[in-house]
$ cat upload30.cif   # mmCIF, C-alpha atoms
data_entry
#
loop_
_atom_site.group_PDB
_atom_site.id
_atom_site.type_symbol
_atom_site.label_atom_id
_atom_site.label_comp_id
_atom_site.auth_asym_id
_atom_site.auth_seq_id
_atom_site.Cartn_x
_atom_site.Cartn_y
_atom_site.Cartn_z
ATOM 1 C CA MET A 1 26.076 -8.123 -4.982
ATOM 2 C CA ARG A 2 25.801 -10.259 -1.873
ATOM 3 C CA ALA A 3 22.989 -9.973 0.632
ATOM 4 C CA TRP A 4 22.864 -11.439 4.113
ATOM 5 C CA ARG A 5 22.606 -15.188 4.000
ATOM 6 C CA ILE A 6 23.321 -15.737 7.670
ATOM 7 C CA PRO A 7 20.582 -17.918 9.246
ATOM 8 C CA GLY A 8 18.029 -16.050 11.318
ATOM 9 C CA LEU A 9 16.735 -12.523 11.171
ATOM 10 C CA VAL A 10 13.442 -11.362 12.634
ATOM 11 C CA GLY A 11 12.865 -7.765 11.797
ATOM 12 C CA VAL A 12 15.326 -5.212 10.695
ATOM 13 C CA LEU A 13 15.212 -3.113 7.559
ATOM 14 C CA LEU A 14 18.020 -0.960 6.377
ATOM 15 C CA LEU A 15 17.219 1.855 3.929
ATOM 16 C CA ALA A 16 20.212 3.369 2.314
ATOM 17 C CA ALA A 17 20.768 6.164 -0.121
ATOM 18 C CA CYS A 18 20.605 9.839 -0.481
ATOM 19 C CA SER A 19 21.885 12.514 -2.767
ATOM 20 C CA THR A 20 21.304 16.207 -2.520
ATOM 21 C CA GLY A 21 18.970 18.279 -4.661
ATOM 22 C CA THR A 22 17.025 21.499 -4.525
ATOM 23 C CA SER A 23 14.937 21.489 -7.680
ATOM 24 C CA THR A 24 11.156 21.655 -7.587
ATOM 25 C CA ALA A 25 9.443 18.281 -7.552
ATOM 26 C CA PRO A 26 7.447 17.311 -10.656
ATOM 27 C CA SER A 27 3.738 16.640 -10.582
ATOM 28 C CA PRO A 28 2.929 13.264 -9.027
ATOM 29 C CA SER A 29 2.927 10.380 -11.469
ATOM 30 C CA PRO A 30 2.733 6.653 -10.853
ATOM 31 C CA SER A 31 5.895 4.647 -10.262
ATOM 32 C CA PRO A 32 6.320 1.324 -12.049
ATOM 33 C CA PRO A 33 5.520 -1.634 -9.799
ATOM 34 C CA SER A 34 8.406 -3.980 -9.139
ATOM 35 C CA ALA A 35 6.646 -6.913 -7.525
ATOM 36 C CA VAL A 36 3.933 -9.228 -8.725
ATOM 37 C CA ALA A 37 0.617 -9.094 -6.906
ATOM 38 C CA SER A 38 -0.335 -11.939 -4.617
ATOM 39 C CA SER A 39 -3.170 -12.701 -2.259
ATOM 40 C CA PRO A 40 -2.899 -11.296 1.261
ATOM 41 C CA ALA A 41 -0.888 -13.362 3.664
ATOM 42 C CA GLY A 42 -3.904 -13.467 5.992
ATOM 43 C CA GLY A 43 -3.305 -15.471 9.155
ATOM 44 C CA ALA A 44 0.288 -16.242 8.093
ATOM 45 C CA LEU A 45 1.350 -12.758 9.154
ATOM 46 C CA PRO A 46 1.541 -11.729 12.818
ATOM 47 C CA THR A 47 -0.162 -8.637 14.188
ATOM 48 C CA PRO A 48 2.645 -7.134 16.275
ATOM 49 C CA ALA A 49 2.067 -4.837 19.203
ATOM 50 C CA HIS A 50 4.839 -2.630 17.794
ATOM 51 C CA VAL A 51 6.857 -2.401 14.587
ATOM 52 C CA VAL A 52 9.981 -0.251 14.369
ATOM 53 C CA VAL A 53 11.386 0.443 10.891
ATOM 54 C CA ALA A 54 14.960 1.774 10.783
ATOM 55 C CA VAL A 55 16.234 3.199 7.503
ATOM 56 C CA PHE A 56 19.892 3.581 6.588
ATOM 57 C CA GLU A 57 21.512 5.067 3.485
ATOM 58 C CA ASN A 58 23.468 4.528 0.295
ATOM 59 C CA LYS A 59 25.134 1.186 0.730
ATOM 60 C CA ASP A 60 24.663 -1.944 -1.310
ATOM 61 C CA ALA A 61 24.116 -5.252 0.445
ATOM 62 C CA GLY A 62 27.671 -6.436 -0.106
ATOM 63 C CA GLN A 63 29.135 -3.359 1.583
ATOM 64 C CA VAL A 64 27.164 -4.037 4.769
ATOM 65 C CA GLN A 65 27.445 -7.791 5.143
ATOM 66 C CA GLY A 66 30.557 -8.679 7.113
ATOM 67 C CA ALA A 67 31.349 -5.034 7.900
ATOM 68 C CA ALA A 68 28.573 -4.407 10.439
ATOM 69 C CA PRO A 69 28.902 -6.792 13.415
ATOM 70 C CA PHE A 70 25.668 -5.737 15.104
ATOM 71 C CA LEU A 71 23.587 -5.912 11.944
ATOM 72 C CA ASP A 72 25.226 -9.235 11.104
ATOM 73 C CA SER A 73 24.170 -10.480 14.541
ATOM 74 C CA LEU A 74 20.591 -9.482 13.815
ATOM 75 C CA ALA A 75 20.749 -11.427 10.577
ATOM 76 C CA ALA A 76 21.937 -14.423 12.583
ATOM 77 C CA GLN A 77 18.958 -14.144 14.966
ATOM 78 C CA GLY A 78 16.082 -13.533 12.611
ATOM 79 C CA ALA A 79 15.193 -13.510 8.928
ATOM 80 C CA ALA A 80 17.365 -12.334 6.062
ATOM 81 C CA VAL A 81 15.846 -10.776 2.953
ATOM 82 C CA THR A 82 18.432 -11.662 0.350
ATOM 83 C CA ASP A 83 16.877 -10.112 -2.768
ATOM 84 C CA ALA A 84 15.813 -6.642 -1.562
ATOM 85 C CA HIS A 85 15.929 -3.565 -3.812
ATOM 86 C CA GLY A 86 15.230 0.151 -3.815
ATOM 87 C CA GLU A 87 12.863 1.570 -6.412
ATOM 88 C CA THR A 88 15.054 4.261 -7.901
ATOM 89 C CA HIS A 89 17.751 6.886 -7.275
ATOM 90 C CA PRO A 90 18.233 9.226 -5.435
ATOM 91 C CA SER A 91 16.969 8.867 -1.851
ATOM 92 C CA GLU A 92 13.754 10.817 -1.461
ATOM 93 C CA PRO A 93 11.473 8.862 -3.811
ATOM 94 C CA ASN A 94 12.426 5.611 -2.062
ATOM 95 C CA TYR A 95 11.305 6.973 1.307
ATOM 96 C CA LEU A 96 8.048 8.135 -0.256
ATOM 97 C CA ALA A 97 7.527 4.678 -1.769
ATOM 98 C CA LEU A 98 7.946 3.021 1.623
ATOM 99 C CA PHE A 99 5.609 5.479 3.341
ATOM 100 C CA SER A 100 2.898 6.044 0.727
ATOM 101 C CA GLY A 101 3.145 3.300 -1.886
ATOM 102 C CA SER A 102 4.281 5.753 -4.568
ATOM 103 C CA THR A 103 7.279 7.892 -5.403
ATOM 104 C CA GLN A 104 4.706 10.674 -5.934
ATOM 105 C CA GLY A 105 6.437 11.596 -9.195
ATOM 106 C CA VAL A 106 9.540 12.787 -7.343
ATOM 107 C CA THR A 107 12.767 12.143 -9.240
ATOM 108 C CA SER A 108 15.181 14.209 -7.130
ATOM 109 C CA ASP A 109 15.850 15.162 -3.514
ATOM 110 C CA ALA A 110 13.777 18.335 -3.936
ATOM 111 C CA CYS A 111 12.623 20.153 -0.805
ATOM 112 C CA PRO A 112 10.075 21.139 0.159
ATOM 113 C CA VAL A 113 7.482 18.937 -1.505
ATOM 114 C CA SER A 114 3.889 18.458 -0.381
ATOM 115 C CA PHE A 115 1.232 15.832 -1.119
ATOM 116 C CA ASP A 116 -2.453 15.324 -0.349
ATOM 117 C CA GLY A 117 -2.651 11.545 -0.840
ATOM 118 C CA ASP A 118 -3.025 8.726 1.647
ATOM 119 C CA ASN A 119 -0.082 7.307 3.564
ATOM 120 C CA LEU A 120 0.764 4.738 6.216
ATOM 121 C CA ALA A 121 0.491 7.142 9.152
ATOM 122 C CA ALA A 122 -2.962 8.327 8.082
ATOM 123 C CA GLN A 123 -4.103 4.736 7.580
ATOM 124 C CA LEU A 124 -2.942 3.665 11.015
ATOM 125 C CA ARG A 125 -4.524 6.641 12.726
ATOM 126 C CA ALA A 126 -7.842 6.074 10.930
ATOM 127 C CA ALA A 127 -7.794 2.463 12.162
ATOM 128 C CA GLY A 128 -7.269 3.516 15.781
ATOM 129 C CA LYS A 129 -3.543 2.736 15.718
ATOM 130 C CA SER A 130 -0.649 5.161 16.133
ATOM 131 C CA PHE A 131 2.424 6.299 14.198
ATOM 132 C CA ALA A 132 5.477 8.472 14.797
ATOM 133 C CA GLY A 133 8.602 9.250 12.837
ATOM 134 C CA TYR A 134 11.725 9.803 14.965
ATOM 135 C CA SER A 135 14.526 11.684 13.199
ATOM 136 C CA GLU A 136 17.972 12.138 14.692
ATOM 137 C CA SER A 137 19.110 15.800 14.785
ATOM 138 C CA LEU A 138 15.574 17.116 14.123
ATOM 139 C CA PRO A 139 15.725 20.456 15.986
ATOM 140 C CA SER A 140 12.206 20.285 17.434
ATOM 141 C CA ALA A 141 8.951 18.359 17.182
ATOM 142 C CA GLY A 142 6.944 19.389 14.129
ATOM 143 C CA TYR A 143 9.894 21.120 12.428
ATOM 144 C CA THR A 144 9.235 21.473 8.674
ATOM 145 C CA GLY A 145 12.519 22.976 7.473
ATOM 146 C CA CYS A 146 14.508 21.179 4.802
ATOM 147 C CA SER A 147 17.678 20.765 6.848
ATOM 148 C CA ALA A 148 19.294 21.515 10.182
ATOM 149 C CA GLY A 149 22.804 20.312 10.871
ATOM 150 C CA ASP A 150 22.846 16.619 9.954
ATOM 151 C CA TYR A 151 19.044 16.384 9.726
ATOM 152 C CA ALA A 152 17.503 16.146 6.236
ATOM 153 C CA ARG A 153 13.741 16.408 5.647
ATOM 154 C CA LYS A 154 14.070 14.339 2.446
ATOM 155 C CA HIS A 155 14.487 11.308 4.746
ATOM 156 C CA ALA A 156 11.302 12.071 6.733
ATOM 157 C CA PRO A 157 8.420 11.544 4.278
ATOM 158 C CA TRP A 158 5.673 12.130 6.879
ATOM 159 C CA VAL A 159 6.623 15.819 6.839
ATOM 160 C CA ASP A 160 5.564 15.964 3.173
ATOM 161 C CA PHE A 161 1.921 15.175 4.041
ATOM 162 C CA PRO A 162 0.632 18.324 5.793
ATOM 163 C CA ALA A 163 -2.720 16.755 6.682
ATOM 164 C CA LEU A 164 -0.873 14.713 9.307
ATOM 165 C CA PRO A 165 -0.593 16.343 12.737
ATOM 166 C CA ALA A 166 2.748 17.864 13.665
ATOM 167 C CA SER A 167 2.920 15.401 16.560
ATOM 168 C CA VAL A 168 3.904 12.530 14.241
ATOM 169 C CA ASN A 169 7.176 14.348 13.451
ATOM 170 C CA GLN A 170 9.451 13.847 16.448
ATOM 171 C CA PRO A 171 13.171 14.128 17.238
ATOM 172 C CA LEU A 172 14.951 10.913 18.148
ATOM 173 C CA SER A 173 15.303 12.223 21.697
ATOM 174 C CA ALA A 174 11.510 11.937 22.063
ATOM 175 C CA MET A 175 11.526 8.197 21.366
ATOM 176 C CA PRO A 176 10.173 6.506 24.515
ATOM 177 C CA SER A 177 12.783 4.857 26.707
ATOM 178 C CA ALA A 178 10.203 2.191 27.577
ATOM 179 C CA PRO A 179 9.484 0.212 24.376
ATOM 180 C CA ALA A 180 5.947 -0.542 25.511
ATOM 181 C CA ASP A 181 5.204 3.188 25.129
ATOM 182 C CA LEU A 182 6.123 3.234 21.433
ATOM 183 C CA PRO A 183 3.405 3.872 18.844
ATOM 184 C CA THR A 184 2.043 0.949 16.853
ATOM 185 C CA VAL A 185 4.462 1.720 14.007
ATOM 186 C CA ALA A 186 7.539 3.919 14.326
ATOM 187 C CA PHE A 187 10.050 4.944 11.680
ATOM 188 C CA VAL A 188 13.517 5.689 13.046
ATOM 189 C CA VAL A 189 15.856 7.714 10.827
ATOM 190 C CA PRO A 190 19.496 8.351 11.828
ATOM 191 C CA ASN A 191 21.125 11.607 10.783
ATOM 192 C CA LEU A 192 23.350 11.987 7.713
ATOM 193 C CA CYS A 193 26.376 10.599 9.520
ATOM 194 C CA ASP A 194 24.838 7.785 11.521
ATOM 195 C CA ASP A 195 22.750 6.535 8.572
ATOM 196 C CA MET A 196 26.045 5.683 6.740
ATOM 197 C CA HIS A 197 25.460 8.349 4.073
ATOM 198 C CA ASP A 198 28.268 10.680 5.152
ATOM 199 C CA CYS A 199 30.052 8.322 7.542
ATOM 200 C CA SER A 200 31.181 4.709 7.548
ATOM 201 C CA VAL A 201 29.292 1.437 7.828
ATOM 202 C CA GLU A 202 31.038 0.966 11.173
ATOM 203 C CA THR A 203 29.662 4.290 12.438
ATOM 204 C CA GLY A 204 26.128 3.339 11.460
ATOM 205 C CA ASP A 205 26.474 -0.125 12.960
ATOM 206 C CA THR A 206 27.618 1.313 16.282
ATOM 207 C CA TRP A 207 24.647 3.693 16.243
ATOM 208 C CA ALA A 208 22.312 0.776 15.534
ATOM 209 C CA ARG A 209 23.690 -1.224 18.445
ATOM 210 C CA GLN A 210 23.236 1.699 20.832
ATOM 211 C CA HIS A 211 19.786 2.810 19.678
ATOM 212 C CA LEU A 212 18.145 -0.379 18.387
ATOM 213 C CA GLY A 213 19.822 -3.084 20.467
ATOM 214 C CA PRO A 214 17.706 -2.584 23.615
ATOM 215 C CA TYR A 215 14.510 -2.619 21.564
ATOM 216 C CA VAL A 216 15.482 -5.850 19.788
ATOM 217 C CA ALA A 217 16.184 -7.578 23.089
ATOM 218 C CA TRP A 218 12.751 -6.488 24.332
ATOM 219 C CA ALA A 219 10.797 -7.104 21.117
ATOM 220 C CA THR A 220 11.568 -10.780 20.671
ATOM 221 C CA THR A 221 9.582 -11.686 23.788
ATOM 222 C CA ARG A 222 7.042 -8.849 23.598
ATOM 223 C CA ASP A 223 5.136 -9.497 20.352
ATOM 224 C CA SER A 224 7.042 -6.797 18.464
ATOM 225 C CA LEU A 225 9.274 -6.451 15.394
ATOM 226 C CA LEU A 226 12.266 -4.521 14.111
ATOM 227 C CA ILE A 227 12.753 -3.978 10.389
ATOM 228 C CA VAL A 228 16.040 -2.543 9.140
ATOM 229 C CA THR A 229 16.476 -1.560 5.497
ATOM 230 C CA PHE A 230 18.256 0.891 3.192
ATOM 231 C CA ASP A 231 16.708 3.414 0.833
ATOM 232 C CA GLU A 232 19.050 2.634 -2.082
ATOM 233 C CA ASP A 233 22.460 1.276 -2.930
ATOM 234 C CA VAL A 234 25.431 3.246 -4.233
ATOM 235 C CA GLY A 235 23.663 4.103 -7.486
ATOM 236 C CA THR A 236 23.626 0.922 -9.550
ATOM 237 C CA ALA A 237 20.787 -0.233 -11.775
ATOM 238 C CA ALA A 238 20.322 -3.321 -9.579
ATOM 239 C CA ASN A 239 19.766 -1.128 -6.498
ATOM 240 C CA HIS A 240 20.460 -4.121 -4.214
ATOM 241 C CA ILE A 241 20.022 -3.246 -0.532
ATOM 242 C CA ALA A 242 20.366 -5.058 2.788
ATOM 243 C CA THR A 243 17.151 -5.819 4.665
ATOM 244 C CA VAL A 244 16.557 -7.873 7.796
ATOM 245 C CA VAL A 245 13.576 -8.604 10.053
ATOM 246 C CA VAL A 246 13.960 -9.464 13.747
ATOM 247 C CA GLY A 247 11.499 -10.085 16.550
ATOM 248 C CA ALA A 248 8.452 -12.006 17.651
ATOM 249 C CA GLY A 249 6.670 -14.064 15.008
ATOM 250 C CA VAL A 250 9.742 -14.455 12.801
ATOM 251 C CA ARG A 251 11.015 -17.984 12.332
ATOM 252 C CA PRO A 252 14.667 -17.995 13.459
ATOM 253 C CA GLY A 253 17.073 -18.883 10.696
ATOM 254 C CA SER A 254 14.556 -18.193 7.954
ATOM 255 C CA THR A 255 15.351 -16.458 4.675
ATOM 256 C CA ASP A 256 13.019 -14.673 2.282
ATOM 257 C CA GLY A 257 14.666 -15.160 -1.098
ATOM 258 C CA GLY A 258 11.942 -13.628 -3.244
ATOM 259 C CA ARG A 259 12.339 -10.216 -4.807
ATOM 260 C CA VAL A 260 11.358 -7.529 -2.294
ATOM 261 C CA ASP A 261 11.213 -3.735 -2.511
ATOM 262 C CA HIS A 262 9.835 -0.880 -0.418
ATOM 263 C CA TYR A 263 6.331 -1.535 -1.719
ATOM 264 C CA SER A 264 6.639 -5.091 -0.419
ATOM 265 C CA LEU A 265 7.638 -3.833 3.015
ATOM 266 C CA LEU A 266 4.752 -1.384 3.112
ATOM 267 C CA ARG A 267 2.357 -4.131 2.000
ATOM 268 C CA THR A 268 3.642 -6.370 4.791
ATOM 269 C CA ILE A 269 2.940 -3.744 7.466
ATOM 270 C CA GLU A 270 -0.469 -2.927 5.997
ATOM 271 C CA ASP A 271 -1.482 -6.596 5.867
ATOM 272 C CA MET A 272 -0.392 -7.052 9.484
ATOM 273 C CA TYR A 273 -2.926 -4.448 10.618
ATOM 274 C CA GLY A 274 -5.682 -5.136 8.083
ATOM 275 C CA LEU A 275 -5.094 -1.899 6.165
ATOM 276 C CA PRO A 276 -5.903 -1.598 2.442
ATOM 277 C CA PRO A 277 -2.666 -1.544 0.424
ATOM 278 C CA LEU A 278 -1.738 1.856 -0.942
ATOM 279 C CA ALA A 279 -0.984 2.481 -4.625
ATOM 280 C CA HIS A 280 1.810 0.143 -5.800
ATOM 281 C CA ALA A 281 1.760 -1.755 -2.508
ATOM 282 C CA ALA A 282 -1.437 -3.332 -3.863
ATOM 283 C CA GLU A 283 0.629 -4.857 -6.672
ATOM 284 C CA ALA A 284 3.384 -6.099 -4.344
ATOM 285 C CA SER A 285 3.701 -9.300 -2.349
ATOM 286 C CA PRO A 286 4.181 -9.132 1.430
ATOM 287 C CA LEU A 287 7.136 -10.865 3.012
ATOM 288 C CA GLU A 288 6.469 -14.601 3.118
ATOM 289 C CA GLY A 289 8.291 -17.664 4.307
ATOM 290 C CA ILE A 290 9.806 -16.136 7.457
ATOM 291 C CA TRP A 291 6.857 -16.412 9.812
ATOM 292 C CA GLY A 292 6.151 -19.260 12.158
#

$ encode --input "upload30.cif" --output "structure tokens"
Amino acid sequence: MRAWRIPGLVGVLLLAACSTGTSTAPSPSPSPPSAVASSPAGGALPTPAHVVVAVFENKDAGQVQGAAPFLDSLAAQGAAVTDAHGETHPSEPNYLALFSGSTQGVTSDACPVSFDGDNLAAQLRAAGKSFAGYSESLPSAGYTGCSAGDYARKHAPWVDFPALPASVNQPLSAMPSAPADLPTVAFVVPNLCDDMHDCSVETGDTWARQHLGPYVAWATTRDSLLIVTFDEDVGTAANHIATVVVGAGVRPGSTDGGRVDHYSLLRTIEDMYGLPPLAHAAEASPLEGIWG
């Protein structure tokens, strides 16, 4: 399957995939690492003022490239990650991997599930940084229900860690209009239509242009990044997903051709802020070769 190979891409990650499920989650068990450990990137990585991670659903890289003009334009501006993969199928464990460094033993889209372990939001808050997850169609801040219209809790992993304050769980409408007011790290999750799960690539691309375009234009000159990724592909063993990075500190026209997964993305964010890598993120390599 093809991934973006258009020169330039500074910080967009697209997470794609999601299937429904209501069974009870199994007891947490480790997920197999999919990247080889390496030394921290150290000074090679920037320390952005803000990082926004946008996650889309259930498309393989070849379905997105050439069919999403806005996302293609981001790939032309920043850094393309041409060998990016989800951990597993279906959706929920991939989101947990990106947020906590582990699938937490989840093998379905079960809801509700609850975990006591560490996670990116808790790490950032302990280090004096901030985090928020913004979910489209979330009915109200702090809502813990499994679904509401086109909102799905299985795509909002911060809700599964009850030690976090309810304030980290926000509707998309609460996302600051002034990018400078964003938290240090923000996850942005479209609803089941706009994330391309239930609707087309074109629908998701239009949503991305409307909701992420202004931030990208601001971020490139304001020491900030956008990462767009997908949770999974359409269900293949390869699980090949589109991922791009756009913003300040990314070398325009660069390409990261090494194998990358959600643990790698988490490790990259943790290394940027001097946080200890969580679980399988400790065995993963951060993004390299796109900074400069």

$ resolve_selection --input "upload30.cif" --expression "the PyMOL selection byres ((chain A and resi 132-134) around 10)" --output "ChimeraX atom specification"
/A:52-54,121,130-131,135-138,141,156-159,166-175,182-190

$ closest_residue --input "upload30.cif" --among "A:Val113, A:Leu96, A:Ala44, A:Ala61" --to "Ala279 in chain A" --atoms "only C-alpha atoms"
A:Leu96

$ closest_residue --input "upload30.cif" --among "A:Ala178, A:Leu192, A:Ala79, A:Ala127" --to "Gly149 in chain A" --atoms "all atoms listed in the file"
A:Leu192

$ closest_residue --input "upload30.cif" --among "A:Gly204, A:Gly213, A:Gly292, A:Gly117" --to "Val55 in chain A" --atoms "only C-alpha atoms"
A:Gly204

$ atom_distance --input "upload30.cif" --atom1 "CA of Gly128 in chain A" --atom2 "CA of Ala282 in chain A"
21.6 Å

$ closest_residue --input "upload30.cif" --among "A:Glu283, A:Glu232, A:Asp271, A:Asp261" --to "Val81 in chain A" --atoms "only C-alpha atoms"
A:Asp261

$ residues_near_point --input "upload30.cif" --point "(4.6, -6.6, 18.8)" --cutoff "7 Å" --atoms "only C-alpha atoms" --output "ChimeraX atom specification"
/A:47-51,219,222-225,248

$ write_last_selection --input "upload30.cif" --atoms "C-alpha atoms" --output "compact mmCIF listing (two decimals), in the frame of the given file"
# COMPACT_ATOMS: atom_id res chain seq x y z
CA THR A 47 -0.16 -8.64 14.19
CA PRO A 48 2.64 -7.13 16.27
CA ALA A 49 2.07 -4.84 19.20
CA HIS A 50 4.84 -2.63 17.79
CA VAL A 51 6.86 -2.40 14.59
CA ALA A 219 10.80 -7.10 21.12
CA ARG A 222 7.04 -8.85 23.60
CA ASP A 223 5.14 -9.50 20.35
CA SER A 224 7.04 -6.80 18.46
CA LEU A 225 9.27 -6.45 15.39
CA ALA A 248 8.45 -12.01 17.65

$ build_atoms --input "upload30.cif" --residues "range 136-158 of chain A" --atoms "N, CA and C atoms" --output "tab-separated table (two decimals), keeping the file's coordinate frame"
chain	number	residue	atom	x	y	z
A	136	GLU	N	16.82	11.64	13.95
A	136	GLU	CA	17.97	12.14	14.69
A	136	GLU	C	18.36	13.52	14.17
A	137	SER	N	18.69	14.42	15.06
A	137	SER	CA	19.11	15.80	14.78
A	137	SER	C	17.97	16.71	14.34
A	138	LEU	N	16.72	16.22	14.34
A	138	LEU	CA	15.57	17.12	14.12
A	138	LEU	C	15.57	18.15	15.24
A	139	PRO	N	15.56	19.45	14.93
A	139	PRO	CA	15.72	20.46	15.99
A	139	PRO	C	14.57	20.55	16.97
A	140	SER	N	13.35	20.21	16.53
A	140	SER	CA	12.21	20.28	17.43
A	140	SER	C	11.05	19.51	16.82
A	141	ALA	N	10.13	19.07	17.67
A	141	ALA	CA	8.95	18.36	17.18
A	141	ALA	C	8.17	19.25	16.22
A	142	GLY	N	7.74	18.65	15.10
A	142	GLY	CA	6.94	19.39	14.13
A	142	GLY	C	7.74	20.27	13.19
A	143	TYR	N	9.05	20.28	13.29
A	143	TYR	CA	9.89	21.12	12.43
A	143	TYR	C	9.71	20.74	10.97
A	144	THR	N	9.49	21.74	10.09
A	144	THR	CA	9.24	21.47	8.67
A	144	THR	C	10.33	22.00	7.75
A	145	GLY	N	11.42	22.50	8.30
A	145	GLY	CA	12.52	22.98	7.47
A	145	GLY	C	13.18	21.84	6.71
A	146	CYS	N	13.90	22.20	5.66
A	146	CYS	CA	14.51	21.18	4.80
A	146	CYS	C	15.76	20.56	5.41
A	147	SER	N	16.46	21.30	6.25
A	147	SER	CA	17.68	20.76	6.85
A	147	SER	C	18.01	21.54	8.12
A	148	ALA	N	18.79	20.89	8.95
A	148	ALA	CA	19.29	21.52	10.18
A	148	ALA	C	20.44	20.66	10.66
A	149	GLY	N	21.66	21.14	10.52
A	149	GLY	CA	22.80	20.31	10.87
A	149	GLY	C	22.82	19.06	10.02
A	150	ASP	N	22.83	17.90	10.67
A	150	ASP	CA	22.85	16.62	9.95
A	150	ASP	C	21.45	16.04	9.73
A	151	TYR	N	20.42	16.82	10.03
A	151	TYR	CA	19.04	16.38	9.73
A	151	TYR	C	18.68	16.76	8.29
A	152	ALA	N	17.96	15.87	7.60
A	152	ALA	CA	17.50	16.15	6.24
A	152	ALA	C	16.04	15.73	6.10
A	153	ARG	N	15.17	16.68	5.78
A	153	ARG	CA	13.74	16.41	5.65
A	153	ARG	C	13.47	15.37	4.56
A	154	LYS	N	14.30	15.28	3.54
A	154	LYS	CA	14.07	14.34	2.45
A	154	LYS	C	14.04	12.89	2.93
A	155	HIS	N	14.51	12.64	4.16
A	155	HIS	CA	14.49	11.31	4.75
A	155	HIS	C	13.32	11.13	5.72
A	156	ALA	N	12.44	12.11	5.80
A	156	ALA	CA	11.30	12.07	6.73
A	156	ALA	C	10.01	12.31	5.94
A	157	PRO	N	9.53	11.32	5.22
A	157	PRO	CA	8.42	11.54	4.28
A	157	PRO	C	7.12	11.99	4.92
A	158	TRP	N	6.90	11.70	6.20
A	158	TRP	CA	5.67	12.13	6.88
A	158	TRP	C	5.55	13.65	6.91
